[in-house]
Structure formats: structure tokens, C-alpha cells
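Below: the structure, in C-alpha cells.
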Amino acid sequence: MNTALAQQSNSSQSLLRHPLARIATVVTIVLVAAQTFGTRGFPESWNIGIAEPITGVQSWVRKNRSSNWSFKFFFNPAISVVEFGLNGVESFFMWLPWFIPPIVVFLTIARTRRWGLATFTACVVVYPGVVGIWPESIVTISLMAVSVAICVLVGVPLGVLTALNRRFEVILRPILDGMQTVPATVYLIPIVLVFGIGPAPAAIATVIYAIPPIIRLTCLGIRQVPKSAVEAAQMFGATKRQILAKVQLPLAVPSIIAGINQTVMMALGIVVIATLVGAGGLGQEINQTVRRLEPGRGLVVSLAVVAVALVLDRVSRSLVIEPGGQRFHISRKLMYVTILGLIFATILGRTMDWIEFPFSWGTSFADPIDTGFKWFRTTFDVITRPFNDFIVRELIVRAQTWLNQTLAWQAIVIAASAFSYFVAGWKMSLTTAIGITFIGLTGRWPDAVDTLTQTVIAVTMSMLIAIPIGIWLGRRPRAESLISPFLDALQTIPNLVYAIPFVMIFSVGPVPGIVAAVVYAIPPGIRLTSLGIRQVNYESLEAATTFGATPRQVLWGVRIPLAMPSIILAINQMVMMVLAMAIIAGMVGGGGLGYRSIEALTKPDAGLGAEVGIAIVIMATILDRLLQATARRLQAPAAV
Amino acid sequence: MSLGETATGETSTGVSPAIELRHIWKVFGQGDGNSAIALAQGGASGADILQQTQQTVAVRDVSFSVARGETFVVMGLSGSGKSTLIRCLARLIEPTSGDVLLSGDDLLAMTEEQLIEVRRGRMSMVFQHFGLFPHRKVIDNIAYGLEVQKVAKATRLARATEVLNIVGLDGWANHYPQQLSGGMQQRVGLARALAVDPQILLFDEPFSALDPLIRKEMQDELIRLQKTMQRTVVFITHDFAEALRLGDRIAIMKDGSFDQIGTPEEIVANPATPYVREFVNDVPRAKVLSVKTVTVDGQTVSGGRTVASTAKIETIIPMLLERDEPIAVVDTNNLVIGVVNRQSVASILQAEQR
């Protein structure tokens, strides 16, 4: 077996090495030919018009929304149920005296004996009240609660099914993968078409956007149950149902909770975009602050979103039953007493009319922030303006001219597929060629070029910052443990929030989007790089040191090469984050596919939405596969 | 295979053995595995079969039987197929072909429900990495087998406490498995298996994850328990010394089939293949072989020293050192069957030096 494998890899290597020169020559000739005879920019007349049938469906839906049976008996009732749930939760929270939620949060977390955390989280609950956006927060929390509840009710069974049923997995997995790259604005369009606009469609959109992690992590949790535990249960004659209920599900609980956590985070991430289909609450507030260019208020409201995220995160974590973890044992009696106490407090609050938040500093303290930003803007104009102009004129405009006017589109396709061939073989090269050409055929070539340019600029900037920091941090565990909570916190902030300060500083245009994307993408880039550097086999490092390598030689000769796959994955992650930011960039004037997707949603124009969605998915898929393949190539061969 | 046939000698009593495996094959990979079996029967090597069928033959035509109350040890190195074999026996994986009989009942013909019945009452298993449920307390782990049988809570907890005491873990009932040391965790695994009072106990390398001192302690524990309980045991190990200590009979497994089956003494005295000899070479023979193997014809002074033929050689070495006179060897009926002397003992001990 060993020798057979060795021979195989040998032959493939020599295949590559020997005719490499020949292939390179052919590619060069074809490239030159394509460049000489090809057309600049993708010919618009080639548009195959995939938008038309979709627009047809759209107008059919519009006409038949009130008469067709599927709407009468399925979609409309579904909307009513969700609406009912939303209204119920919302009016319950509105009815509740303001001091009940912080008390409940405090008690829940205090069970794990972490008093400091419990107090802090309870204070965080009060924050939206203090800044005077209590009602808006309730709207958002109700939306979260209903969406996440639906996600759990639907996602956990789906996850279990995925884990246990191969055929089901084969169907579901590509759908989940696709959902992660399709921009949310694109699949909001069919929702708007089918369900209309309002809080309930927003909840359904949130569910669809946020459900993948809970399915994935439930599936993962079930799969990760030690095989020996399942075998043991089998050996004791447990039926399949008993194994699932008593072994697999309980052992998957931490993973499921992690899934709920991520689902909550994703749901909060779409909170701003959900306002485009009629969700109110904090998202709408943020949207307005961007429009009015009030970064201070934007920041204050964004912090409320972060507060909601933090509270939901901490509470759900404290609910996880860690076997043997430190926890108060609560007798039934104590529980009844507590619940009675809470009910009494509620009644008291109602009768005394302590319902609304008693005081509010309002957003007055946001004004200094606004002033600060204005000051920053005028003072550092000498730096920001040239920076802005440099990126727009020297990078974006030049790259676009180059891609649209200097290079023939045929040459671009051939160069990209040749590169794919060297990295990942002929299959990938074919996928790349077909994918890029297809973007052209849908008529989104110019927008795609625009987005690609901005993505490349943002990713390059992220790499230049994140990778050196990651390499530096990877060797300094103490510094890393100091920084990592901060990096984690950054990841819970909804991505529009990142854009607000930069819109203030750079004014509307592509630059705030790019800078926001860089800031958004850096934390995971740093984390993955430093993880790779840290996880390098200790023995390899010791060996290098014993042979007399200087620290610099150890770093460049051993650590970085061995960490290379992780670094590539870090780059991959950053590419995905930057692409995810494309829509936000579109909202603040970035143009490209992101802008088109918002245009498609606000009209709504399902045909345009489909084109944009396809283009982004193709771009993301190709970039993702190429980077993954690169990482695999750089990976030392696995042990046989 | 002729080795398999000799091993089924125990059936001569007429009662069907507790466990009987006939011509078990297990082929991993896509497809039904028949072509791989045909190739293997034609003498093809594992690498050839892999190349031609993309399948691996993990167990090749293994047959053996285990009598009631016997401890049968399967010893083999990693990759020899021993774990696959015991999983075929428990039907945790389906053998590609062959029969598994438990007291004459065909395990492989059973329906899912019947199989569950057998597992609930008749056999249980101790796992290499313990296979404990990390979300349940020690006591609930032990009671698990009874719980799936829907035994009332009080009854099963009483039984679990009883077994907990048997394995010497009293006082640890309300801890979680991961709070215990490796040795203690495996005691929980053992207790969990004993709690359902099975006739058959399967051990899949239960002690190999433990450090040597704890391992020895656990082996002693098992020997002690087995003396009082007399279960039918199939024990998988990669440790030859462990096989010798625990086994009534041992099978040496290599590349999916048995090289030799026999009592520890038979194997140490007459290793069947060079592979088995490799293991035997490291064994102190005086500790394994009985006096019977070094008995020669000869006369002794009447009324002189005697020794039982089943005693281990190491017990007579001091006697021979004390006085260079032959010692009479007697069988179980106290009849003299021959003598041992310094030469006969020295010759067998010298064989060790080869």
C-alpha cells in the first residue's frame, strides 16, 4: 500500500515537472492570441437573459398572491402564525416592568456562581434603557426570540436527520454551503415577493439566513459523540431511539448550544438588512444614523445591538450543563419561591406603573462623539483625503481600466483558468473558466469587475496587517490571551456598524466600505494565523534549534512554512468576510454587486437579484476553492 | 483451516459451546466482498486484493469456539483484525460471511429486536477507551444497561451500587467519569458490564490505555472476579504477557487470521509459526510451563520429594538447587508419571536463550 501510494505521488509530480514548460508555452501563446484578438469588456449582446423568466415568475406571484391556493392555504397562514408570535412576544416584553429582564438574566447567570459576570450582564441589559432606545430594543429582541425559536424548532431535527441519514446529507449540504455565500439581500427578494413586507417576513428572512449554523452544529455534535459511547449503548441493547435520546442528543447539547449561539449572532448580523424588508427596531435606527451621518448615535445604537448579542450569548452559555461544572443546586422549593417572587414583582411593577424605563440620558452623550468625529475629519483631512484619493484613483480606477479596457475578457478567463490548473488541476480550471464566462453571460461583468477590484484591495490590505500581527502573536501566548477577547468582541458587532465611522471619516464612496471590510476581516485573520504559528509541532522547532538555527531561521525556515496551510486558510476566511461586507459597502456607496443587490431588493427586481446572487456565489466559490487547494498543496503529506 | 478445527475440540461434550464462530470473514470497502474473499482464498496478499478490488480483508476465515466459563484471549498487534473480530462477534459490524452462534443460536440471523434482546441479557462489553457516557454520573453509567431495559429506578440503582462495591469504587457514585483516573474509569466500564449480569463478557483491549502498574492491578482484579463468577470471556489484547496471565486458551492473530490456538503452555512450549515464536522468545518459560513438559523417565528413591505435574517449573528450581536429586512427578491421581532433574529443567530454560 505504501509503495503504491508513493509511486502515485511520484508519477503525478514528474508529470507536473516535465511538461510544465510545454504547458506554460501553450498558455502564453493562447494568452497572447486572446489578448490580441479578444474584445475588451464582456460583450453586452451575449447576455443570455436569465433575468426574464425570473421577472416572469415575479409578476405571476404579484398577480396571484391573493387567489392561488399555495398562498391562501400555506404562505399567508404561515405569515399569520409568525406575526401572532411576534406580536405576542413584543407585547409581553412591553407589558413587563423594565426591571424584570435584568433580574432574570442575573439569576440565570448567577447559577454558575460567576457573580461578576452576572452583575455585568444585568447592567448590559439596562443599557438600551439608559440611552433611551428600550422600545426599539424590545422590537429587535422579539424578532430575535421568534426567529431563533423557529430556527431551533426546525434546525435541530434537520441537524439530527443530516447526521444520521447519508442521503439527506447529500441533499442538504450543498444547499447550506450555497446559503452561506449568497448575499442576504438576494434571498430576501423571494421572501418579499412571497410574503410581502413587514416584521413577519423579516422574521422569516432572518430564520432562513441564520438557520445553517444550528443545522451544522447539531449534525456535528451528533457526529462527534464518541463512537465507543454509541457502541457501548448498542451493546447494552439500547434501541436506536434510546441511543438518540439518551446518548447522542445529551452529548451533542454543548454543540447545539454553540449552534444556537452562532444562529443568534447571524440573526443579529442581518438585523440592519432586515429593515429593508420592514423590520423595525434597532436596525432601522442604525440605518437612519447612517443616512443622517450621525456616527455618535449610530455607535450608541450599535452598542445596543452588541449588548443584545452579549446578553443572549452569556445567558445561553450559562444554560449549558457542563457535566460536573460548578453550579448551584436549586431545589424545587427555591425555584417556586423565585418564580413567585418574580410574579409578585411584576404585579407590583404593573400596579405601581413602573413599566417604562424610568429615566434616560438619551443619546445626548453621543453628541461629543459626533463632534469628535467631525474634529477628526477636519484635523486629519491632510491624511484621509490623500488616502481616499490614492485608493480611488490609483488603485480602483486603474485596476478597473486595466481589467475592462486593457485586457481582453478572453485573456482574463484563460489566465484565471491556467492559474486554477496549476493550483488545483484541470477540473478546477474548467470550473473557473465556465464560472467566469457565466458571470459575463448574465450581464454582470462590469459589476463583478468592480466588486473583484475592491475585494482584492481589501484582502491585500487585510493580509498586510493581519498576517504579520498573527505571526507575532503566535509566539507570544500571553499577549494573545490579552488581545483575543477583544478580537472576539469585534466579531459580534453587526457589520454595518463597522462602516459608520469610516463613512464619517471618508464620506460616501468605495473607501469606507473597503476600510470597514479590512477592519471586519482582520480579527479572524489574526486568530487563524497565530493559531497556525502556535500549533507548529514543538519537536520540529526543538530539532531546528538543536541544529543551531537562529530564532530568525527557526521562524522563516520552520514555523512559517509549517504554518502555511493555516495562513492560507486565514486568507480564505478574510476573502469570505470581505465578500460578506460587499453589500454593506454597497449601502455606503461602494457600487458593484453589493449596490446592485440592494437595488434589486428595494425595487424589488428578482431577475436582477438572481444575476447578482449568481455572480457573487460564483466569485466566492472560485476564490474559496482555489485558496483551499493552495492550502492543501502546502500541507505536508499526511502520515500513511 | 486446520487450526480452527482443533480449537473446536471443546464441543465434544455434546452441549453447544457458549460462543462458536465458523469461518468468519470481514471485508471492508465498497461492494459485497465476495471477489475479495475469493482472491484471499486463492492466496492473494492484502496489497494485491486492495489493488484489484479496493477492499481490505480484515478478518480471514476465523473459526473458534469458547466453552462456558472459559476465558479465551485473542492476541494480536494493531491492524491484525482483532478489534474487527470482536465486533463481528458482537454484531456491532456485520461479518461479510460466516456464522456466529451463541449457545447454538444464530446471532447473524436475528432480527434487530432479537439482537437487542441478546445484548440486554446475554452479553456485554468493556471497551478500550472505556466508552463511558461523559454526561452521566458513575452510578448512572453503571445502571445504563438496566435503564434501557426499563428496570425500575430503585432496583437498578441498588444493583449498580452493589456492582460499584464489587469493583472497589464505593464512594465515587456521584462523580462524573472524567473526574476519575484511567484505572478507575475502566473499573466503571467493568462494573457497567457486570451490572446486567451477562453470561458472556467481551473485552476489547480494556487495559491497554492504562499504565503498567494499574494494568497489572486490573488484571488481578479480573482474575479474582472470574474465579468467583465464572463468565464466558472473550478478551482482546496486544500484550502477550497479559494473554498468558488471563487466558485459558489463547489465539494469536496476524493479518486477519489465527496463527495458533492453544493453552498458554502449548503456545510457549510449541510455537507454531516464526511469528508466534517472536512473542514466545521474550517469555520467561519457567513461569508459564508446567513440570509436565520437562518430565522424563527415571527412577527416584521411594519416599523422596514429589511435585504435581501441573505445577510451574519455577516452583521446583529451588528444590533442585537445594539437592541435585530427581524429583518424582505425580498426576492428579497422585500416580508417579516420571521425574524431573537438573538436566531436563536446564534444557528447557536454555531453549529460551536461542
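In the C-alpha cells, chains take the letters A, B, ... in the order shown, each chain's residues start at 1, and ligands count up from 1 in the order shown.
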If the cut-off is 8 Å, can you tell me the residues of chain A near chain B, counting only C-alpha atoms? I'd like them as a list in words.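 Every residue of chain A that passes the 8 Å test is in Met1, Pro226, Lys227, Ser228, Ala229, Val230, Glu231, Ala232, Ala233, Gln234, Met235, Phe236, Gly237, Ala238, Thr239, Gln242, Val247, Pro250, Leu251, Pro323 and Gly324 of chain A.
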Taking 4 positions as the minimum chain separation for residues in the same chain, which residues sit within 7 Å of A:Pro295 when counting only C-alpha atoms? Answer as an mmCIF file with N, CA and C atoms, in the first residue's frame.
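Contents of selection-v8.cif, freshly written:
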data_model
loop_
_atom_site.group_PDB
_atom_site.id
_atom_site.type_symbol
_atom_site.label_atom_id
_atom_site.label_comp_id
_atom_site.auth_asym_id
_atom_site.auth_seq_id
_atom_site.Cartn_x
_atom_site.Cartn_y
_atom_site.Cartn_z
ATOM 1 N N THR A 289 -29.182 56.491 11.204
ATOM 2 C CA THR A 289 -27.991 57.237 11.594
ATOM 3 C C THR A 289 -26.991 57.277 10.460
ATOM 4 N N LEU A 299 -23.204 54.749 16.827
ATOM 5 C CA LEU A 299 -22.404 53.942 17.738
ATOM 6 C C LEU A 299 -23.208 53.529 18.959
ATOM 7 N N ASP A 370 -20.019 62.696 17.953
ATOM 8 C CA ASP A 370 -20.190 63.320 16.640
ATOM 9 C C ASP A 370 -19.177 64.445 16.450
ATOM 10 N N ILE A 500 -19.957 52.724 9.746
ATOM 11 C CA ILE A 500 -20.384 54.064 10.164
ATOM 12 C C ILE A 500 -19.223 55.032 10.392
ATOM 13 N N PRO A 501 -18.261 54.701 11.270
ATOM 14 C CA PRO A 501 -17.193 55.686 11.492
ATOM 15 C C PRO A 501 -16.424 56.014 10.214
ATOM 16 N N MET A 504 -18.104 58.473 8.061
ATOM 17 C CA MET A 504 -17.872 59.788 8.628
ATOM 18 C C MET A 504 -16.534 60.335 8.194
#
Polymer residues at most 8 Å from B:Phe207, only C-alpha atoms, same-chain spacing of 3 or more positions, as an mmCIF file with N, CA and C atoms, in the first residue's frame:
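So the final result, stored in around_38.cif, reads:
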data_model
loop_
_atom_site.group_PDB
_atom_site.id
_atom_site.type_symbol
_atom_site.label_atom_id
_atom_site.label_comp_id
_atom_site.auth_asym_id
_atom_site.auth_seq_id
_atom_site.Cartn_x
_atom_site.Cartn_y
_atom_site.Cartn_z
ATOM 1 N N GLN B 128 -12.038 -0.378 24.901
ATOM 2 C CA GLN B 128 -10.656 0.060 25.032
ATOM 3 C C GLN B 128 -10.558 1.454 25.636
ATOM 4 N N GLN B 186 -11.970 2.570 33.986
ATOM 5 C CA GLN B 186 -12.197 1.253 33.428
ATOM 6 C C GLN B 186 -12.891 0.334 34.427
ATOM 7 N N LEU B 210 -4.108 1.860 29.984
ATOM 8 C CA LEU B 210 -3.704 2.109 31.375
ATOM 9 C C LEU B 210 -2.200 1.920 31.537
ATOM 10 N N ARG B 215 -2.435 -1.578 35.110
ATOM 11 C CA ARG B 215 -2.868 -2.673 34.247
ATOM 12 C C ARG B 215 -2.792 -3.997 34.998
ATOM 13 N N MET B 218 -5.501 -4.294 37.481
ATOM 14 C CA MET B 218 -6.793 -4.604 36.862
ATOM 15 C C MET B 218 -6.852 -6.066 36.422
#
Which of stretch 27-131 of chain B counts as strand (DSSP E) under DSSP, as a PyMOL selection string please? chain B and resi 27-28+56-66+71-76+97-102+105-106+123-126
Could you turn the residues from that selection into a file that holds N, CA and C atoms, as a compact mmCIF listing (two decimals), in the first residue's frame?
# COMPACT_ATOMS: atom_id res chain seq x y z
N VAL B 27 -14.81 -8.13 5.09
CA VAL B 27 -14.16 -7.35 4.04
C VAL B 27 -14.67 -5.92 4.14
N PHE B 28 -13.76 -4.96 4.22
CA PHE B 28 -14.15 -3.55 4.24
C PHE B 28 -14.02 -2.95 2.86
N THR B 56 -10.34 -4.13 1.68
CA THR B 56 -9.38 -4.75 2.58
C THR B 56 -10.04 -5.89 3.31
N VAL B 57 -9.31 -6.99 3.45
CA VAL B 57 -9.82 -8.13 4.18
C VAL B 57 -9.31 -8.01 5.60
N ALA B 58 -10.21 -7.73 6.54
CA ALA B 58 -9.77 -7.50 7.92
C ALA B 58 -9.76 -8.80 8.71
N VAL B 59 -10.73 -9.68 8.45
CA VAL B 59 -10.76 -10.98 9.13
C VAL B 59 -10.86 -12.05 8.06
N ARG B 60 -9.96 -13.04 8.16
CA ARG B 60 -9.90 -14.07 7.13
C ARG B 60 -10.24 -15.42 7.72
N ASP B 61 -11.41 -15.90 7.46
CA ASP B 61 -11.74 -17.29 7.75
C ASP B 61 -11.37 -17.70 9.18
N VAL B 62 -11.90 -17.01 10.16
CA VAL B 62 -11.59 -17.32 11.54
C VAL B 62 -12.68 -18.20 12.13
N SER B 63 -12.29 -19.32 12.73
CA SER B 63 -13.23 -20.19 13.42
C SER B 63 -12.69 -20.49 14.80
N PHE B 64 -13.54 -20.42 15.79
CA PHE B 64 -13.14 -20.90 17.12
C PHE B 64 -14.38 -21.05 17.96
N SER B 65 -14.25 -21.73 19.09
CA SER B 65 -15.38 -21.78 19.99
C SER B 65 -14.89 -21.59 21.41
N VAL B 66 -15.75 -21.10 22.25
CA VAL B 66 -15.40 -20.83 23.63
C VAL B 66 -16.39 -21.57 24.52
N THR B 71 -12.04 -18.51 29.60
CA THR B 71 -11.53 -17.21 29.18
C THR B 71 -10.70 -17.42 27.93
N PHE B 72 -11.17 -16.84 26.83
CA PHE B 72 -10.50 -17.01 25.56
C PHE B 72 -9.88 -15.68 25.17
N VAL B 73 -8.56 -15.68 24.98
CA VAL B 73 -7.88 -14.43 24.68
C VAL B 73 -7.47 -14.40 23.21
N VAL B 74 -7.77 -13.33 22.52
CA VAL B 74 -7.26 -13.14 21.16
C VAL B 74 -6.16 -12.10 21.25
N MET B 75 -4.94 -12.52 20.89
CA MET B 75 -3.80 -11.62 20.99
C MET B 75 -3.30 -11.29 19.59
N GLY B 76 -3.10 -10.03 19.33
CA GLY B 76 -2.58 -9.64 18.02
C GLY B 76 -2.12 -8.20 18.09
N SER B 97 -19.08 -12.89 5.72
CA SER B 97 -19.68 -14.22 5.67
C SER B 97 -19.24 -14.99 6.90
N GLY B 98 -19.92 -16.13 7.14
CA GLY B 98 -19.61 -16.93 8.31
C GLY B 98 -20.78 -16.95 9.27
N ASP B 99 -20.62 -17.73 10.37
CA ASP B 99 -21.68 -17.85 11.36
C ASP B 99 -21.17 -17.49 12.74
N VAL B 100 -22.05 -16.88 13.52
CA VAL B 100 -21.76 -16.65 14.93
C VAL B 100 -22.88 -17.31 15.72
N LEU B 101 -22.52 -18.29 16.56
CA LEU B 101 -23.54 -18.99 17.34
C LEU B 101 -23.31 -18.73 18.82
N LEU B 102 -24.37 -18.32 19.50
CA LEU B 102 -24.31 -18.17 20.96
C LEU B 102 -25.16 -19.27 21.56
N ASP B 105 -27.54 -20.50 19.17
CA ASP B 105 -28.44 -19.57 18.48
C ASP B 105 -27.66 -18.76 17.44
N ASP B 106 -28.23 -18.66 16.25
CA ASP B 106 -27.55 -17.97 15.16
C ASP B 106 -27.71 -16.46 15.32
N MET B 123 -25.05 -10.78 26.76
CA MET B 123 -23.64 -10.39 26.70
C MET B 123 -23.46 -8.91 26.94
N SER B 124 -22.27 -8.55 27.42
CA SER B 124 -21.96 -7.14 27.46
C SER B 124 -20.47 -6.96 27.22
N MET B 125 -20.05 -5.72 27.12
CA MET B 125 -18.72 -5.46 26.58
C MET B 125 -18.02 -4.36 27.37
N VAL B 126 -16.70 -4.49 27.47
CA VAL B 126 -15.86 -3.46 28.08
C VAL B 126 -14.96 -2.93 26.96
Would you list the contacts of B:Leu244 as a list in words, taking every protein, DNA or RNA residue within 9 Å and counting only C-alpha atoms, but skipping same-chain residues closer than 5 positions in sequence?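 The contact residues come out as Val73, Asp239, Arg249, Ile250, Thr263, Pro264, Glu265 and Val288 of chain B.
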How many Å separate atom CA of A:Ser70 from atom CA of A:Gly196?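 Here the two named atoms are 14.6 Å from each other.
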Non-local contacts of A:Ser142 (8 Å; only C-alpha atoms; under 2 positions in same chain excluded) as an mmCIF file with N, CA and C atoms, in the first residue's frame:
data_model
loop_
_atom_site.group_PDB
_atom_site.id
_atom_site.type_symbol
_atom_site.label_atom_id
_atom_site.label_comp_id
_atom_site.auth_asym_id
_atom_site.auth_seq_id
_atom_site.Cartn_x
_atom_site.Cartn_y
_atom_site.Cartn_z
ATOM 1 N N LEU A 86 -44.779 37.047 16.957
ATOM 2 C CA LEU A 86 -44.020 38.287 17.119
ATOM 3 C C LEU A 86 -44.777 39.283 18.001
ATOM 4 N N VAL A 89 -44.828 38.116 21.711
ATOM 5 C CA VAL A 89 -43.581 38.320 22.445
ATOM 6 C C VAL A 89 -43.352 39.805 22.683
ATOM 7 N N GLU A 90 -43.615 40.579 21.619
ATOM 8 C CA GLU A 90 -43.363 42.000 21.721
ATOM 9 C C GLU A 90 -44.241 42.640 22.804
ATOM 10 N N ILE A 138 -36.685 46.203 22.349
ATOM 11 C CA ILE A 138 -37.684 45.152 22.544
ATOM 12 C C ILE A 138 -38.149 44.614 21.198
ATOM 13 N N VAL A 139 -38.336 45.516 20.231
ATOM 14 C CA VAL A 139 -38.738 45.061 18.895
ATOM 15 C C VAL A 139 -37.689 44.099 18.346
ATOM 16 N N THR A 140 -36.405 44.497 18.469
ATOM 17 C CA THR A 140 -35.342 43.646 17.944
ATOM 18 C C THR A 140 -35.258 42.321 18.699
ATOM 19 N N MET A 144 -35.593 38.559 17.315
ATOM 20 C CA MET A 144 -34.568 37.539 17.586
ATOM 21 C C MET A 144 -35.203 36.311 18.202
ATOM 22 N N ALA A 145 -36.010 36.542 19.250
ATOM 23 C CA ALA A 145 -36.569 35.425 20.003
ATOM 24 C C ALA A 145 -37.401 34.535 19.089
ATOM 25 N N VAL A 146 -38.284 35.159 18.309
ATOM 26 C CA VAL A 146 -39.153 34.353 17.452
ATOM 27 C C VAL A 146 -38.333 33.650 16.366
#
Using only C-alpha atoms, which of the listed residues (B:Gln55, B:Ile24, B:Pro17, B:Thr293) sits closest to B:Leu39?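 Residue with the minimum atom-to-atom distance to B:Leu39: B:Gln55.
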